[in-house]
file start06.cif (mmCIF, C-alpha atoms and all ligand atoms)
data_upload
#
loop_
_atom_site.label_atom_id
_atom_site.label_comp_id
_atom_site.auth_asym_id
_atom_site.auth_seq_id
_atom_site.Cartn_x
_atom_site.Cartn_y
_atom_site.Cartn_z
CA MET A 1 72.64 100.27 104.32
CA SER A 2 72.59 103.98 105.08
CA ILE A 3 75.77 106.02 105.24
CA GLN A 4 75.95 108.47 108.10
CA ALA A 5 77.46 111.87 107.39
CA ASP A 6 79.38 111.96 110.68
CA ALA A 7 81.81 114.73 111.59
CA ARG A 8 85.32 113.72 110.53
CA ARG A 9 87.43 112.54 113.46
CA ILE A 10 91.19 112.34 113.52
CA THR A 11 92.23 108.68 113.36
CA ALA A 12 95.06 106.72 114.97
CA PRO A 13 96.79 106.20 111.57
CA GLU A 14 96.68 109.98 111.03
CA ILE A 15 98.40 110.54 114.38
CA GLN A 16 100.93 107.85 113.46
CA ALA A 17 101.66 109.64 110.17
CA ARG A 18 102.58 112.83 112.08
CA LYS A 19 106.00 111.43 113.09
CA GLY A 20 108.58 114.21 112.89
CA GLY A 21 105.97 116.67 111.59
CA GLU A 22 103.82 119.31 113.25
CA PRO A 23 103.81 118.58 117.00
CA ILE A 24 100.85 116.49 118.19
CA VAL A 25 98.80 118.43 120.76
CA SER A 26 97.13 116.27 123.41
CA LEU A 27 95.43 116.76 126.78
CA THR A 28 93.46 114.57 129.13
CA SER A 29 89.75 115.07 129.72
CA TYR A 30 87.24 113.11 131.75
CA HIS A 31 83.95 114.89 131.08
CA ALA A 32 81.83 116.15 128.20
CA HIS A 33 82.07 119.86 129.01
CA THR A 34 85.86 120.09 129.20
CA ALA A 35 86.18 117.78 126.20
CA ARG A 36 83.97 120.16 124.19
CA LEU A 37 86.27 123.07 125.06
CA LEU A 38 89.38 121.11 124.06
CA ASP A 39 88.06 119.60 120.85
CA ARG A 40 88.87 122.49 118.48
CA HIS A 41 92.38 122.94 119.81
CA VAL A 42 93.89 119.51 120.30
CA ASP A 43 94.56 116.50 118.06
CA LEU A 44 94.10 113.83 120.71
CA ILE A 45 92.21 113.60 123.99
CA LEU A 46 93.23 110.93 126.47
CA VAL A 47 90.69 109.66 128.96
CA GLY A 48 93.51 108.72 131.32
CA ASP A 49 93.19 106.52 134.37
CA SER A 50 94.62 109.55 136.23
CA LEU A 51 90.88 110.26 136.55
CA GLY A 52 91.00 107.99 139.61
CA MET A 53 93.28 110.46 141.38
CA VAL A 54 92.00 113.70 139.83
CA MET A 55 88.23 113.05 139.83
CA HIS A 56 87.77 110.40 142.49
CA GLY A 57 90.39 111.38 145.08
CA LEU A 58 92.25 108.04 144.95
CA GLU A 59 95.89 107.85 146.09
CA THR A 60 96.99 105.95 142.95
CA THR A 61 95.50 104.73 139.66
CA VAL A 62 95.56 101.09 140.82
CA PRO A 63 91.90 100.91 142.02
CA VAL A 64 90.48 102.37 138.78
CA THR A 65 88.00 100.01 137.07
CA VAL A 66 86.96 99.38 133.47
CA GLU A 67 83.46 100.66 134.37
CA MET A 68 84.92 104.01 135.51
CA MET A 69 86.89 104.31 132.26
CA ILE A 70 83.76 103.55 130.22
CA VAL A 71 81.56 106.12 132.00
CA HIS A 72 84.13 108.90 131.50
CA GLY A 73 85.13 107.71 128.01
CA ARG A 74 81.51 107.90 126.83
CA ALA A 75 81.11 111.41 128.19
CA VAL A 76 84.25 112.60 126.38
CA VAL A 77 83.21 111.00 123.08
CA ARG A 78 79.77 112.65 123.40
CA GLY A 79 81.36 116.05 124.00
CA THR A 80 83.62 115.93 120.92
CA GLN A 81 83.50 115.64 117.16
CA ARG A 82 87.04 116.04 115.92
CA ALA A 83 89.82 114.87 118.25
CA LEU A 84 90.97 111.25 118.43
CA ILE A 85 89.75 109.87 121.77
CA VAL A 86 92.06 107.37 123.48
CA VAL A 87 90.91 105.53 126.62
CA ASP A 88 93.32 104.00 129.15
CA LEU A 89 92.97 100.32 130.00
CA PRO A 90 93.10 100.30 133.82
CA PHE A 91 95.37 98.20 136.01
CA GLY A 92 94.32 94.55 136.22
CA SER A 93 92.16 94.61 133.09
CA TYR A 94 94.73 93.57 130.46
CA GLU A 95 98.06 92.32 131.85
CA ALA A 96 97.20 88.64 132.39
CA SER A 97 97.06 87.68 128.70
CA PRO A 98 96.61 89.10 125.19
CA THR A 99 93.13 87.55 125.15
CA GLU A 100 92.11 89.34 128.34
CA ALA A 101 93.48 92.58 126.88
CA PHE A 102 91.48 92.07 123.68
CA HIS A 103 88.21 91.49 125.58
CA THR A 104 88.74 94.63 127.67
CA ALA A 105 89.84 96.76 124.72
CA ALA A 106 86.92 95.59 122.55
CA ARG A 107 84.47 96.40 125.36
CA VAL A 108 86.00 99.85 125.85
CA LEU A 109 85.87 100.68 122.12
CA LYS A 110 82.30 99.35 121.70
CA GLU A 111 80.86 101.00 124.82
CA THR A 112 82.59 104.40 124.54
CA GLY A 113 82.98 104.97 120.79
CA ALA A 114 86.65 105.89 121.36
CA GLY A 115 89.17 105.38 118.54
CA ALA A 116 92.03 103.74 120.45
CA VAL A 117 93.21 102.43 123.81
CA LYS A 118 96.37 103.05 125.82
CA LEU A 119 98.20 100.56 128.00
CA GLU A 120 101.31 100.78 130.15
CA GLY A 121 104.45 98.67 129.90
CA GLY A 122 107.32 97.87 127.55
CA ARG A 123 108.73 94.50 126.49
CA ARG A 124 106.37 92.55 128.75
CA MET A 125 103.39 94.06 126.87
CA ALA A 126 104.79 93.78 123.31
CA GLU A 127 103.03 90.49 122.52
CA THR A 128 99.74 91.98 123.73
CA VAL A 129 100.17 95.13 121.65
CA ARG A 130 100.77 93.00 118.52
CA PHE A 131 97.73 90.82 119.35
CA LEU A 132 95.46 93.87 119.70
CA VAL A 133 96.75 95.70 116.63
CA ASP A 134 96.36 92.55 114.48
CA ARG A 135 92.71 92.39 115.61
CA GLY A 136 91.79 95.99 114.82
CA VAL A 137 92.55 97.78 118.09
CA PRO A 138 94.85 100.82 117.74
CA VAL A 139 97.17 100.92 120.76
CA MET A 140 99.06 103.80 122.31
CA GLY A 141 102.00 102.60 124.42
CA HIS A 142 103.27 104.19 127.65
CA VAL A 143 106.83 103.75 128.97
CA GLY A 144 109.14 105.50 131.43
CA LEU A 145 107.23 106.28 134.61
CA THR A 146 104.25 103.92 134.50
CA PRO A 147 101.96 104.91 137.40
CA GLN A 148 100.00 101.64 137.38
CA ALA A 149 103.23 99.94 138.56
CA ILE A 150 103.57 102.28 141.59
CA ASN A 151 103.54 99.37 144.03
CA THR A 152 106.66 97.87 142.47
CA LEU A 153 108.31 101.19 141.47
CA GLY A 154 107.86 102.64 144.97
CA SER A 155 107.60 106.30 143.90
CA PHE A 156 106.48 108.67 141.13
CA LYS A 157 110.04 109.98 140.55
CA ALA A 158 111.52 110.51 137.06
CA ARG A 159 113.03 107.50 135.27
CA GLY A 160 115.93 106.81 132.94
CA ARG A 161 118.39 109.21 134.55
CA ASP A 162 121.25 106.69 134.64
CA ASP A 163 122.57 104.56 131.78
CA ALA A 164 121.27 101.24 133.10
CA GLU A 165 117.69 102.43 133.53
CA ALA A 166 117.82 104.43 130.28
CA SER A 167 118.78 101.34 128.31
CA ILE A 168 115.86 99.34 129.79
CA ILE A 169 113.38 102.07 128.86
CA LEU A 170 114.87 102.37 125.36
CA ASP A 171 114.39 98.62 124.84
CA ASP A 172 110.82 98.92 126.17
CA ALA A 173 109.99 101.68 123.69
CA ARG A 174 111.58 99.75 120.80
CA ALA A 175 109.55 96.63 121.66
CA ILE A 176 106.23 98.49 121.79
CA ALA A 177 107.04 100.34 118.56
CA GLU A 178 107.93 97.11 116.75
CA ALA A 179 104.73 95.52 118.06
CA GLY A 180 102.70 98.13 116.18
CA ALA A 181 101.78 100.88 118.69
CA PHE A 182 100.56 103.95 116.76
CA SER A 183 102.20 106.29 119.29
CA ILE A 184 104.04 106.05 122.61
CA VAL A 185 103.69 108.18 125.73
CA LEU A 186 107.05 108.91 127.38
CA GLU A 187 106.39 109.90 130.99
CA ALA A 188 108.90 111.62 133.29
CA ILE A 189 112.14 110.55 131.62
CA ALA A 190 115.46 112.34 131.19
CA GLU A 191 115.82 114.56 128.11
CA PRO A 192 118.61 112.65 126.28
CA LEU A 193 116.65 109.41 126.58
CA ALA A 194 113.44 110.99 125.25
CA ARG A 195 115.45 112.40 122.32
CA ARG A 196 117.08 109.03 121.58
CA ILE A 197 113.76 107.13 121.71
CA THR A 198 112.10 109.74 119.50
CA GLU A 199 114.93 109.45 116.95
CA GLU A 200 114.92 105.66 116.97
CA VAL A 201 111.30 104.52 117.01
CA ALA A 202 108.90 104.73 114.07
CA PRO A 203 105.72 105.88 115.89
CA PRO A 204 105.46 109.41 117.26
CA THR A 205 106.37 109.93 120.91
CA ILE A 206 104.09 112.00 123.14
CA GLY A 207 105.91 113.52 126.09
CA ILE A 208 104.63 114.22 129.58
CA GLY A 209 107.81 115.25 131.30
CA GLY A 210 109.61 113.88 128.26
CA SER A 211 111.15 117.18 126.98
CA PRO A 212 110.56 119.11 123.73
CA ALA A 213 112.39 116.36 121.81
CA CYS A 214 109.12 114.37 121.62
CA ASP A 215 106.82 114.42 118.57
CA GLY A 216 103.96 115.74 120.71
CA GLN A 217 103.02 116.70 124.25
CA ILE A 218 100.31 115.77 126.73
CA LEU A 219 99.38 117.15 130.16
CA VAL A 220 96.66 116.34 132.65
CA LEU A 221 94.11 119.13 132.04
CA GLU A 222 93.39 119.83 135.72
CA ASP A 223 97.13 120.20 136.40
CA MET A 224 97.72 122.75 133.63
CA LEU A 225 94.59 124.68 134.66
CA GLY A 226 95.92 125.05 138.22
CA LEU A 227 93.35 122.78 139.87
CA GLY A 228 95.80 120.24 141.30
CA ASP A 229 97.32 120.67 144.77
CA ARG A 230 100.64 118.96 144.08
CA VAL A 231 101.86 118.91 140.50
CA PRO A 232 105.02 117.37 139.07
CA LYS A 233 107.95 119.52 137.84
CA PHE A 234 106.99 118.96 134.19
CA VAL A 235 103.62 120.73 134.54
CA LYS A 236 103.29 124.33 133.36
CA LYS A 237 100.23 126.06 134.84
CA TYR A 238 98.47 127.89 132.02
CA ALA A 239 95.74 129.13 134.42
CA ASN A 240 95.15 129.27 138.15
CA LEU A 241 91.55 128.11 138.39
CA GLY A 242 91.82 126.65 141.91
CA PRO A 243 91.95 130.06 143.67
CA ASP A 244 89.44 131.53 141.14
CA ILE A 245 86.91 128.80 141.97
CA GLU A 246 87.42 129.27 145.69
CA THR A 247 86.88 133.04 145.41
CA ALA A 248 83.68 132.49 143.42
CA VAL A 249 82.35 129.98 145.95
CA ALA A 250 83.24 132.23 148.92
CA THR A 251 81.45 135.20 147.28
CA TYR A 252 78.37 133.04 146.59
CA ALA A 253 78.32 131.84 150.21
CA GLU A 254 78.55 135.43 151.50
CA GLU A 255 75.74 136.61 149.21
CA VAL A 256 73.42 133.74 150.12
CA ARG A 257 74.00 134.44 153.82
CA ALA A 258 73.41 138.19 153.27
CA ARG A 259 70.31 137.45 151.11
CA THR A 260 71.79 139.53 148.26
CA PHE A 261 71.64 136.49 145.98
CA PRO A 262 69.34 135.73 144.22
CA ALA A 263 68.64 139.30 143.08
CA LYS A 264 65.60 140.48 141.13
CA GLU A 265 67.15 139.50 137.77
CA HIS A 266 67.52 135.88 138.94
CA THR A 267 63.91 135.63 140.14
CA TYR A 268 60.77 134.66 138.21
CA ALA A 269 57.86 137.11 138.22
CA PRO A 270 54.32 135.71 138.07
CA ARG A 271 52.94 135.34 134.53
CA LEU A 272 50.46 138.12 133.79
CA VAL A 273 47.18 136.62 132.61
CA ASP A 274 44.64 138.88 130.89
CA LYS A 275 41.44 138.85 132.92
CA PRO A 276 38.32 138.19 130.80
CA ALA A 277 36.23 141.40 130.40
CA LYS A 278 33.22 141.50 132.71
CA ALA A 279 29.86 140.98 130.96
CA SER A 280 27.79 144.17 131.33
O1 LIG B 301 96.34 108.65 132.98
C1 LIG B 301 96.86 109.62 132.42
O2 LIG B 301 96.41 110.78 132.53
C2 LIG B 301 98.06 109.38 131.62
C3 LIG B 301 98.85 110.57 131.23
C4 LIG B 301 99.70 110.96 132.37
C5 LIG B 301 99.63 110.33 129.99
O3 LIG B 301 98.39 108.27 131.37
#
call {"tool": "encode", "arguments": {"input": "start06.cif", "output": "structure tokens"}}
result
Amino acid sequence: MSIQADARRITAPEIQARKGGEPIVSLTSYHAHTARLLDRHVDLILVGDSLGMVMHGLETTVPVTVEMMIVHGRAVVRGTQRALIVVDLPFGSYEASPTEAFHTAARVLKETGAGAVKLEGGRRMAETVRFLVDRGVPVMGHVGLTPQAINTLGSFKARGRDDAEASIILDDARAIAEAGAFSIVLEAIAEPLARRITEEVAPPTIGIGGSPACDGQILVLEDMLGLGDRVPKFVKKYANLGPDIETAVATYAEEVRARTFPAKEHTYAPRLVDKPAKAS
């Protein structure tokens, strides 16, 4: 058996061991080229099912399929060498039973080369998380605002802002932690709740609208780059690429119409071939 000298990737147990330590830096990515740019700077890249809305123009993440996750997951794994790659299990591919979840998770890990999966839900998913972890699948949990449940939640608003809802989300996080999740995403929840969960549960918490109290942070890359039209309150725009892209495209269109692009430097000249000397 040969041993491959592969580049060393961050593992799920290494992320788990970062509880309370240096903040865990995470972003989403859906393609090889952005993943390559992220790889040196982040610890974890999530191939989130938000790709359905961001890349495919869907209204919600509900229609996203396992095949879509695999295509994008593979691209991100190919574009990276160092970060832990986590792929979301999409709605309808894991909730029915732990066995269904295992088949989907195993397929995702085998066909993408990712190091872990993420699934949404608290107490109702605890048995499934335990089942997967016991069978060699590292699982990232996701509680608070869980976008796959949009049809029962009714809106994308923040969660856990009153005591009753906060206590449900706290119990959800505890259940997923006890079931063996290596980390838990806390999405769009009130600050005191994020702090309490982070203090109480053993795995690191990764906030997206979860406040600085979390053990790490994640954002959707396109949102923080200024490519999204409507972004939630918790997004900080670190760039404004939307207008930059539009300016570039408008300039290109003008130049093509004015025949100033392509210029000489973008044009191939004929290859000069030495003519054979004439026989005298
Ligand atoms: O799908 C996604 O991008 C996510 C993040 C919002 C955490 O789940």
call {"tool": "residues_near_point", "arguments": {"input": "start06.cif", "point": "(105.2, 97.6, 118.5)", "cutoff": "9 Å", "atoms": "all atoms listed in the file", "output": "JSON list (two decimals) with C-alpha atoms, in the frame of the given file"}}
result
[["chain", "number", "residue", "atom", "x", "y", "z"],
["A", 126, "ALA", "CA", 104.79, 93.78, 123.31],
["A", 127, "GLU", "CA", 103.03, 90.49, 122.52],
["A", 129, "VAL", "CA", 100.17, 95.13, 121.65],
["A", 130, "ARG", "CA", 100.77, 93.00, 118.52],
["A", 133, "VAL", "CA", 96.75, 95.70, 116.63],
["A", 139, "VAL", "CA", 97.17, 100.92, 120.76],
["A", 141, "GLY", "CA", 102.00, 102.60, 124.42],
["A", 173, "ALA", "CA", 109.99, 101.68, 123.69],
["A", 174, "ARG", "CA", 111.58, 99.75, 120.80],
["A", 175, "ALA", "CA", 109.55, 96.63, 121.66],
["A", 176, "ILE", "CA", 106.23, 98.49, 121.79],
["A", 177, "ALA", "CA", 107.04, 100.34, 118.56],
["A", 178, "GLU", "CA", 107.93, 97.11, 116.75],
["A", 179, "ALA", "CA", 104.73, 95.52, 118.06],
["A", 180, "GLY", "CA", 102.70, 98.13, 116.18],
["A", 181, "ALA", "CA", 101.78, 100.88, 118.69],
["A", 182, "PHE", "CA", 100.56, 103.95, 116.76],
["A", 203, "PRO", "CA", 105.72, 105.88, 115.89]]
call {"tool": "residues_near_ligand", "arguments": {"input": "start06.cif", "ligand": "ligand LIG 301 (chain B)", "cutoff": "7 Å", "atoms": "only C-alpha atoms and all ligand atoms", "output": "PyMOL selection string"}}
result
chain A and resi 28+46-51+88+185+187+208+218-220
call {"tool": "closest_residue", "arguments": {"input": "start06.cif", "among": "A:Ser26, A:Thr260, A:Thr34, A:Ser211", "to": "A:Ala75", "atoms": "all atoms listed in the file"}}
result
A:Thr34
call {"tool": "atom_distance", "arguments": {"input": "start06.cif", "atom1": "atom CA of A:Glu191", "atom2": "atom CA of A:Arg159"}}
result
10.4 Å
call {"tool": "axis_aligned_box", "arguments": {"input": "start06.cif", "around": "stretch 5-20 of chain A", "padding_each_side": "6 Å", "output": "AutoDock Vina command-line options"}}
result
--center_x 93.0 --center_y 110.5 --center_z 111.2 --size_x 43.1 --size_y 20.5 --size_z 19.6
call {"tool": "atom_distance", "arguments": {"input": "start06.cif", "atom1": "atom CA of A:Cys214", "atom2": "atom CA of A:Thr198"}}
result
5.9 Å
call {"tool": "closest_residue", "arguments": {"input": "start06.cif", "among": "A:Ile206, A:Val62, A:Met224, A:Ala12", "to": "A:His142", "atoms": "only C-alpha atoms"}}
result
A:Ile206
call {"tool": "atom_distance", "arguments": {"input": "start06.cif", "atom1": "atom CA of A:Ala105", "atom2": "atom CA of A:Ile45"}}
result
17.0 Å
call {"tool": "residues_around", "arguments": {"input": "start06.cif", "residues": "A:Gly20", "least_positions_apart": "6", "cutoff": "10 Å", "atoms": "all atoms listed in the file", "output": "CSV table (one decimal) with C-alpha atoms, in the coordinates of the input"}}
result
chain,number,residue,atom,x,y,z
A,198,THR,CA,112.1,109.7,119.5
A,199,GLU,CA,114.9,109.4,117.0
A,202,ALA,CA,108.9,104.7,114.1
A,203,PRO,CA,105.7,105.9,115.9
A,204,PRO,CA,105.5,109.4,117.3
A,205,THR,CA,106.4,109.9,120.9
A,213,ALA,CA,112.4,116.4,121.8
A,214,CYS,CA,109.1,114.4,121.6
A,215,ASP,CA,106.8,114.4,118.6
A,216,GLY,CA,104.0,115.7,120.7
call {"tool": "closest_residue", "arguments": {"input": "start06.cif", "among": "A:Asp171, A:Glu120, A:Glu265, A:Glu255", "to": "A:Thr61", "atoms": "all atoms listed in the file"}}
result
A:Glu120
call {"tool": "residues_near_point", "arguments": {"input": "start06.cif", "point": "(83.4, 103.2, 123.2)", "cutoff": "10 Å", "atoms": "all atoms listed in the file", "output": "list in words"}}
result
Met69, Ile70, Val71, Gly73, Arg74, Ala75, Val76, Val77, Ile85, Val86, Val87, Ala105, Ala106, Arg107, Val108, Leu109, Lys110, Glu111, Thr112, Gly113, Ala114, Gly115, Ala116 and Val117 of chain A
call {"tool": "decode", "arguments": {"input": "start06.cif", "residues": "stretch 78-91 of chain A", "atoms": "N, CA, C and O atoms", "output": "mmCIF file, in the first residue's frame"}}
result
data_model
loop_
_atom_site.group_PDB
_atom_site.id
_atom_site.type_symbol
_atom_site.label_atom_id
_atom_site.label_comp_id
_atom_site.auth_asym_id
_atom_site.auth_seq_id
_atom_site.Cartn_x
_atom_site.Cartn_y
_atom_site.Cartn_z
ATOM 1 N N ARG A 78 -11.522 20.565 -4.661
ATOM 2 C CA ARG A 78 -10.448 20.661 -5.670
ATOM 3 C C ARG A 78 -9.663 21.954 -5.557
ATOM 4 O O ARG A 78 -8.477 21.981 -5.814
ATOM 5 N N GLY A 79 -10.337 23.027 -5.172
ATOM 6 C CA GLY A 79 -9.678 24.339 -5.118
ATOM 7 C C GLY A 79 -8.895 24.582 -3.844
ATOM 8 O O GLY A 79 -8.318 25.653 -3.676
ATOM 9 N N THR A 80 -8.887 23.633 -2.914
ATOM 10 C CA THR A 80 -8.284 23.885 -1.595
ATOM 11 C C THR A 80 -7.333 22.762 -1.180
ATOM 12 O O THR A 80 -7.394 21.652 -1.719
ATOM 13 N N GLN A 81 -6.493 23.100 -0.211
ATOM 14 C CA GLN A 81 -5.553 22.094 0.309
ATOM 15 C C GLN A 81 -5.548 22.041 1.825
ATOM 16 O O GLN A 81 -5.117 21.079 2.413
ATOM 17 N N ARG A 82 -5.993 23.141 2.458
ATOM 18 C CA ARG A 82 -5.747 23.296 3.879
ATOM 19 C C ARG A 82 -6.999 23.329 4.747
ATOM 20 O O ARG A 82 -7.083 22.656 5.778
ATOM 21 N N ALA A 83 -7.994 24.112 4.322
ATOM 22 C CA ALA A 83 -9.184 24.316 5.171
ATOM 23 C C ALA A 83 -10.007 23.037 5.287
ATOM 24 O O ALA A 83 -10.019 22.208 4.370
ATOM 25 N N LEU A 84 -10.706 22.894 6.419
ATOM 26 C CA LEU A 84 -11.701 21.819 6.540
ATOM 27 C C LEU A 84 -12.906 22.194 5.676
ATOM 28 O O LEU A 84 -13.429 23.307 5.786
ATOM 29 N N ILE A 85 -13.323 21.273 4.804
ATOM 30 C CA ILE A 85 -14.497 21.530 3.963
ATOM 31 C C ILE A 85 -15.701 20.802 4.561
ATOM 32 O O ILE A 85 -15.658 19.588 4.789
ATOM 33 N N VAL A 86 -16.748 21.573 4.814
ATOM 34 C CA VAL A 86 -17.995 21.026 5.364
ATOM 35 C C VAL A 86 -19.086 21.239 4.316
ATOM 36 O O VAL A 86 -19.206 22.345 3.770
ATOM 37 N N VAL A 87 -19.856 20.193 4.023
ATOM 38 C CA VAL A 87 -20.920 20.308 3.011
ATOM 39 C C VAL A 87 -22.281 20.143 3.692
ATOM 40 O O VAL A 87 -22.482 19.209 4.475
ATOM 41 N N ASP A 88 -23.200 21.055 3.387
ATOM 42 C CA ASP A 88 -24.563 20.969 3.933
ATOM 43 C C ASP A 88 -25.317 19.778 3.364
ATOM 44 O O ASP A 88 -25.259 19.521 2.152
ATOM 45 N N LEU A 89 -26.061 19.083 4.208
ATOM 46 C CA LEU A 89 -27.045 18.110 3.707
ATOM 47 C C LEU A 89 -28.316 18.906 3.407
ATOM 48 O O LEU A 89 -28.824 19.619 4.274
ATOM 49 N N PRO A 90 -28.825 18.824 2.158
ATOM 50 C CA PRO A 90 -29.980 19.663 1.826
ATOM 51 C C PRO A 90 -31.294 19.116 2.366
ATOM 52 O O PRO A 90 -31.404 17.931 2.700
ATOM 53 N N PHE A 91 -32.285 20.009 2.405
ATOM 54 C CA PHE A 91 -33.623 19.659 2.893
ATOM 55 C C PHE A 91 -34.160 18.408 2.179
ATOM 56 O O PHE A 91 -34.047 18.287 0.958
#
